[in-house]
>>> print(open('run25.txt').read())   # compact mmCIF, C-alpha atoms
# COMPACT_ATOMS: atom_id res chain seq x y z
CA MET A 1 109.51 101.73 85.21
CA THR A 2 110.53 99.75 88.29
CA VAL A 3 110.45 101.58 91.64
CA LEU A 4 112.16 100.26 94.77
CA LEU A 5 109.85 100.71 97.78
CA ARG A 6 112.57 101.83 100.17
CA ASP A 7 110.72 101.28 103.47
CA THR A 8 109.95 97.63 102.64
CA PHE A 9 113.56 96.42 102.34
CA LYS A 10 114.99 94.53 105.32
CA ALA A 11 117.95 92.19 105.73
CA TRP A 12 118.94 89.92 108.60
CA ILE A 13 121.02 86.90 109.50
CA ASP A 14 118.82 83.95 110.44
CA ARG A 15 120.67 81.93 113.06
CA ALA A 16 118.07 79.21 113.66
CA PRO A 17 119.40 76.36 115.84
CA GLY A 18 120.47 73.26 113.91
CA ALA A 19 121.00 75.09 110.62
CA PRO A 20 123.85 77.13 109.15
CA PRO A 21 123.44 80.92 109.31
CA LYS A 22 121.38 82.32 106.46
CA LEU A 23 121.28 85.85 105.05
CA VAL A 24 117.69 86.85 104.22
CA MET A 25 116.78 89.96 102.22
CA ILE A 26 113.18 91.01 101.50
CA GLY A 27 111.55 94.04 99.92
CA ASP A 28 108.99 95.17 97.38
CA VAL A 29 109.20 96.75 93.94
CA ARG A 30 106.47 98.57 92.08
CA VAL A 31 105.99 97.89 88.36
CA PRO A 32 103.70 99.63 85.84
CA ALA A 33 101.34 96.76 84.97
CA ASP A 34 100.13 93.25 85.83
CA GLY A 35 102.10 90.29 84.54
CA TRP A 36 105.59 91.61 85.24
CA GLN A 37 108.11 89.39 87.00
CA ALA A 38 110.92 90.55 89.28
CA ARG A 39 113.65 88.85 91.26
CA LEU A 40 116.81 89.63 93.18
CA THR A 41 120.09 88.23 91.85
CA ARG A 42 123.62 88.45 93.18
CA ARG A 43 125.75 90.82 91.11
CA SER A 44 128.83 89.32 89.52
CA PRO A 45 131.40 90.60 90.01
CA GLN A 46 130.66 92.16 93.39
CA GLY A 47 131.94 95.64 94.28
CA ILE A 48 135.25 96.55 95.87
CA ASN A 49 133.96 96.46 99.47
CA PRO A 50 133.55 92.81 100.56
CA LYS A 51 131.29 93.84 103.48
CA ILE A 52 128.56 95.07 101.11
CA LEU A 53 126.57 92.47 99.19
CA ILE A 54 125.23 93.85 95.90
CA LEU A 55 121.95 92.51 94.55
CA ASP A 56 120.33 93.52 91.27
CA VAL A 57 116.59 93.72 90.69
CA ASN A 58 115.87 91.95 87.41
CA THR A 59 112.47 92.61 85.90
CA GLN A 60 110.79 91.01 82.94
CA GLN A 61 107.98 92.70 81.07
CA PRO A 62 105.20 90.37 79.93
CA GLY A 63 104.64 89.76 76.24
CA GLY A 64 101.35 90.79 74.68
CA GLU A 65 98.79 93.13 76.16
CA THR A 66 98.69 93.83 79.88
CA GLN A 67 96.28 95.59 82.18
CA GLU A 68 97.46 99.06 83.07
CA GLY A 69 97.79 99.62 86.79
CA ILE A 70 100.51 99.75 89.37
CA THR A 71 101.48 96.35 90.76
CA THR A 72 103.69 95.59 93.77
CA ILE A 73 105.91 92.50 93.63
CA PRO A 74 107.50 91.04 96.80
CA LEU A 75 111.17 90.09 96.46
CA ARG A 76 113.24 87.65 98.54
CA TYR A 77 116.90 86.63 98.40
CA GLU A 78 118.59 84.03 100.60
CA GLU A 79 122.23 83.03 100.88
CA SER A 80 123.19 80.14 103.13
CA PRO A 81 125.70 80.34 104.55
CA PRO A 82 126.55 83.98 103.79
CA GLN A 83 129.70 84.09 101.66
CA ASP A 84 131.18 86.89 103.79
CA GLU A 85 130.48 88.76 107.03
CA TYR A 86 128.34 91.35 105.29
CA GLY A 87 127.24 94.47 107.14
CA GLN A 88 125.05 95.92 104.38
CA VAL A 89 123.19 94.98 101.23
CA MET A 90 122.90 97.31 98.25
CA ILE A 91 119.85 96.73 96.04
CA ALA A 92 120.18 98.20 92.54
CA SER A 93 117.68 98.65 89.76
CA GLY A 94 117.83 100.58 86.52
CA THR A 95 116.22 103.54 88.27
CA GLY A 96 118.24 103.75 91.50
CA GLU A 97 119.70 101.95 94.45
CA ILE A 98 119.25 101.68 98.18
CA VAL A 99 121.49 100.36 100.95
CA VAL A 100 120.08 98.33 103.84
CA ARG A 101 121.91 97.53 107.07
CA ILE A 102 121.86 93.84 107.99
CA CYS A 103 120.32 93.14 111.41
CA GLY A 104 122.24 90.54 113.37
CA ALA A 105 125.48 91.10 111.45
CA HIS A 106 128.79 91.16 113.33
>>> encode(input="run25.txt", output="structure tokens")
Amino acid sequence: MTVLLRDTFKAWIDRAPGAPPKLVMIGDVRVPADGWQARLTRRSPQGINPKILILDVNTQQPGGETQEGITTIPLRYEESPPQDEYGQVMIASGTGEIVVRICGAH
């Protein structure tokens, strides 16, 4: 089972000089064993509110035998330039969802 580690999720707009603005989203998920893979992907279609970006956590269980034990996987999503003036990001997994406010958003 994949668990979103709520306190680890952060989102901001990177406005580094000489580059277009970039939305950056980071956070961690906990999975039940070594060898799992996880990544954030943009949901398609998005929801009805254009100010909330929806990202899905996609996990892949390894084939074969794995070592039992909780493993934490860092996630990162970038969008440059942001496709809208987002104020929040919703991260969804099969076991729940969290909403993170974007720092530096208008």
>>> atom_distance(input="run25.txt", atom1="atom CA of Val24 of chain A", atom2="atom CA of Glu78 of chain A")
4.7 Å
>>> residues_around(input="run25.txt", residues="Pro45 of chain A", least_positions_apart="6", cutoff="12 Å", atoms="all atoms listed in the file", output="PyMOL selection string")
chain A and resi 53-56
>>> residues_near_point(input="run25.txt", point="(124.7, 84.6, 104.7)", cutoff="9 Å", atoms="only C-alpha atoms", output="mmCIF file with C-alpha atoms, keeping the file's coordinate frame")
data_model
loop_
_atom_site.group_PDB
_atom_site.id
_atom_site.type_symbol
_atom_site.label_atom_id
_atom_site.label_comp_id
_atom_site.auth_asym_id
_atom_site.auth_seq_id
_atom_site.Cartn_x
_atom_site.Cartn_y
_atom_site.Cartn_z
ATOM 1 C CA TRP A 12 118.940 89.920 108.600
ATOM 2 C CA ILE A 13 121.020 86.900 109.500
ATOM 3 C CA ASP A 14 118.820 83.950 110.440
ATOM 4 C CA PRO A 20 123.850 77.130 109.150
ATOM 5 C CA PRO A 21 123.440 80.920 109.310
ATOM 6 C CA LYS A 22 121.380 82.320 106.460
ATOM 7 C CA LEU A 23 121.280 85.850 105.050
ATOM 8 C CA VAL A 24 117.690 86.850 104.220
ATOM 9 C CA GLU A 78 118.590 84.030 100.600
ATOM 10 C CA GLU A 79 122.230 83.030 100.880
ATOM 11 C CA SER A 80 123.190 80.140 103.130
ATOM 12 C CA PRO A 81 125.700 80.340 104.550
ATOM 13 C CA PRO A 82 126.550 83.980 103.790
ATOM 14 C CA GLN A 83 129.700 84.090 101.660
ATOM 15 C CA ASP A 84 131.180 86.890 103.790
ATOM 16 C CA GLU A 85 130.480 88.760 107.030
ATOM 17 C CA TYR A 86 128.340 91.350 105.290
#
>>> closest_residue(input="run25.txt", among="A:Leu5, A:Ala11, A:Ala16, A:Met25", to="Thr72 of chain A", atoms="all atoms listed in the file")
A:Leu5
>>> residues_around(input="run25.txt", residues="Gly96 of chain A", least_positions_apart="3", cutoff="9 Å", atoms="only C-alpha atoms", output="PyMOL selection string")
chain A and resi 3-4+91-93
>>> residues_near_point(input="run25.txt", point="(111.3, 95.8, 100.2)", cutoff="10 Å", atoms="only C-alpha atoms", output="mmCIF file with C-alpha atoms, keeping the file's coordinate frame")
data_model
loop_
_atom_site.group_PDB
_atom_site.id
_atom_site.type_symbol
_atom_site.label_atom_id
_atom_site.label_comp_id
_atom_site.auth_asym_id
_atom_site.auth_seq_id
_atom_site.Cartn_x
_atom_site.Cartn_y
_atom_site.Cartn_z
ATOM 1 C CA LEU A 4 112.160 100.260 94.770
ATOM 2 C CA LEU A 5 109.850 100.710 97.780
ATOM 3 C CA ARG A 6 112.570 101.830 100.170
ATOM 4 C CA ASP A 7 110.720 101.280 103.470
ATOM 5 C CA THR A 8 109.950 97.630 102.640
ATOM 6 C CA PHE A 9 113.560 96.420 102.340
ATOM 7 C CA LYS A 10 114.990 94.530 105.320
ATOM 8 C CA ALA A 11 117.950 92.190 105.730
ATOM 9 C CA MET A 25 116.780 89.960 102.220
ATOM 10 C CA ILE A 26 113.180 91.010 101.500
ATOM 11 C CA GLY A 27 111.550 94.040 99.920
ATOM 12 C CA ASP A 28 108.990 95.170 97.380
ATOM 13 C CA VAL A 29 109.200 96.750 93.940
ATOM 14 C CA ARG A 30 106.470 98.570 92.080
ATOM 15 C CA THR A 72 103.690 95.590 93.770
ATOM 16 C CA ILE A 73 105.910 92.500 93.630
ATOM 17 C CA PRO A 74 107.500 91.040 96.800
ATOM 18 C CA LEU A 75 111.170 90.090 96.460
ATOM 19 C CA ARG A 76 113.240 87.650 98.540
ATOM 20 C CA ILE A 91 119.850 96.730 96.040
ATOM 21 C CA VAL A 100 120.080 98.330 103.840
#
>>> atom_distance(input="run25.txt", atom1="atom CA of Glu97 of chain A", atom2="atom CA of Thr2 of chain A")
11.3 Å
>>> closest_residue(input="run25.txt", among="A:Tyr77, A:Val57, A:Ile52, A:Gly64", to="Val99 of chain A", atoms="all atoms listed in the file")
A:Ile52
>>> atom_distance(input="run25.txt", atom1="atom CA of Leu40 of chain A", atom2="atom CA of Gly87 of chain A")
18.1 Å
>>> closest_residue(input="run25.txt", among="A:Gln46, A:Ala33, A:Lys51, A:Thr71", to="Ile102 of chain A", atoms="all atoms listed in the file")
A:Lys51
>>> closest_residue(input="run25.txt", among="A:Val31, A:Ala38, A:Cys103, A:Ala19", to="Gly69 of chain A", atoms="all atoms listed in the file")
A:Val31
>>> closest_residue(input="run25.txt", among="A:Pro17, A:Pro62, A:Thr41, A:Arg101", to="Val89 of chain A", atoms="only C-alpha atoms")
A:Arg101
